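Novice: Pasting a structure here, questions to come.
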Amino acid sequence: MPCEPLSLPFPPADLSGHNTGNRYVKARVIKKWRTDAAWAAKEAGWVAPETGDIHLRVTFVRPDRRSDRANLPNRMKPIFDGIADHLGVNDARFVSVYPDLDAPVAKPGCVEVEMMTQEAA
């Protein structure tokens, strides 16, 4: 049975690995996103397959064109960690695809994560 897709707000630039600043402030932001992703996966009823890779399709709906497409996947690490926390798996099992990093802009923006079946991947 397929899982309901997750929809989260557009991840902030603070989650990009290259940003500098106060590490304690960044740690709070990372913790919040990790927790929010775990709750979203729980509410959507996500359950991990017992074995094998877990295929995730990630779609970004950018709020504007300022976001660097090359850095968008970097922003997903705390979200993947939160999903893995909920599923009780190591996030090394995740195989993520980003089919359209140049999707249309729409405010306020969001990121959608879909767990795909092995056949759909």
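Chains: A, B, ... in order of the structure tokens. Residues: from 1 per chain. Ligands: from 1, in order shown.
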Do a neighbour search on Asp53 in chain A at 7 Å with only C-alpha atoms, toss out local chain neighbours closer than 5 positions, and write the hits as a list of chain:residue names.
Specialist: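 Near neighbours after the sequence-gap exclusion: A:Arg93, A:Phe94, A:Val95.
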Novice: When DSSP works through the backbone of this structure, what residues of range 9-99 of chain A end up as alpha helix (DSSP H), shown as a ChimeraX atom specification?
Specialist: /A:23-43,77-87
Novice: Quick one: which range 93-113 of chain A residues come within 10 Å of range 66-73 of chain A, and what is the nearest atom pair for each with the distance in Å to one decimal, counting only C-alpha atoms, rows ordered by chain and ascending number, as a tab-separated table?
Specialist:
residue	atom	partner	partner_atom	distance
A:Ser96	CA	A:Pro73	CA	9.2
A:Val97	CA	A:Pro73	CA	9.3
A:Tyr98	CA	A:Pro73	CA	7.9
A:Asp100	CA	A:Arg69	CA	9.8
A:Leu101	CA	A:Arg69	CA	6.0
A:Asp102	CA	A:Arg69	CA	7.3
A:Val111	CA	A:Leu72	CA	9.9
Novice: Between A:Ala37, A:Ala13, A:Ala44, A:Leu6, which has the minimum distance to Asp85 in chain A (counting only C-alpha atoms)?
Specialist: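 Checking each candidate against Asp85 in chain A, we get A:Ala37 as the closest.
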Novice: Got a sec to tell me which of range 57-93 of chain A DSSP assigns to strand (DSSP E), as a ChimeraX atom specification?
Specialist: /A:57-61
Novice: So that I have them on file, write out the residues from the current selection with N, CA and C atoms, as a JSON list (two decimals), in the first residue's frame.
Specialist:
[["chain", "number", "residue", "atom", "x", "y", "z"],
["A", 57, "ARG", "N", 11.09, 10.24, -3.76],
["A", 57, "ARG", "CA", 11.04, 11.26, -4.82],
["A", 57, "ARG", "C", 10.81, 12.60, -4.13],
["A", 58, "VAL", "N", 11.70, 13.56, -4.38],
["A", 58, "VAL", "CA", 11.65, 14.86, -3.73],
["A", 58, "VAL", "C", 11.34, 15.92, -4.78],
["A", 59, "THR", "N", 10.29, 16.69, -4.52],
["A", 59, "THR", "CA", 9.90, 17.77, -5.43],
["A", 59, "THR", "C", 9.93, 19.08, -4.66],
["A", 60, "PHE", "N", 10.71, 20.01, -5.15],
["A", 60, "PHE", "CA", 10.79, 21.35, -4.55],
["A", 60, "PHE", "C", 9.89, 22.29, -5.32],
["A", 61, "VAL", "N", 9.07, 23.03, -4.61],
["A", 61, "VAL", "CA", 8.31, 24.13, -5.19],
["A", 61, "VAL", "C", 8.91, 25.38, -4.56]]
Novice: Can you work out the spacing between CA of His55 in chain A and CA of Glu114 in chain A in Å, to one decimal?
Specialist: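 Rounded to one decimal, the two atoms are 8.3 Å apart.
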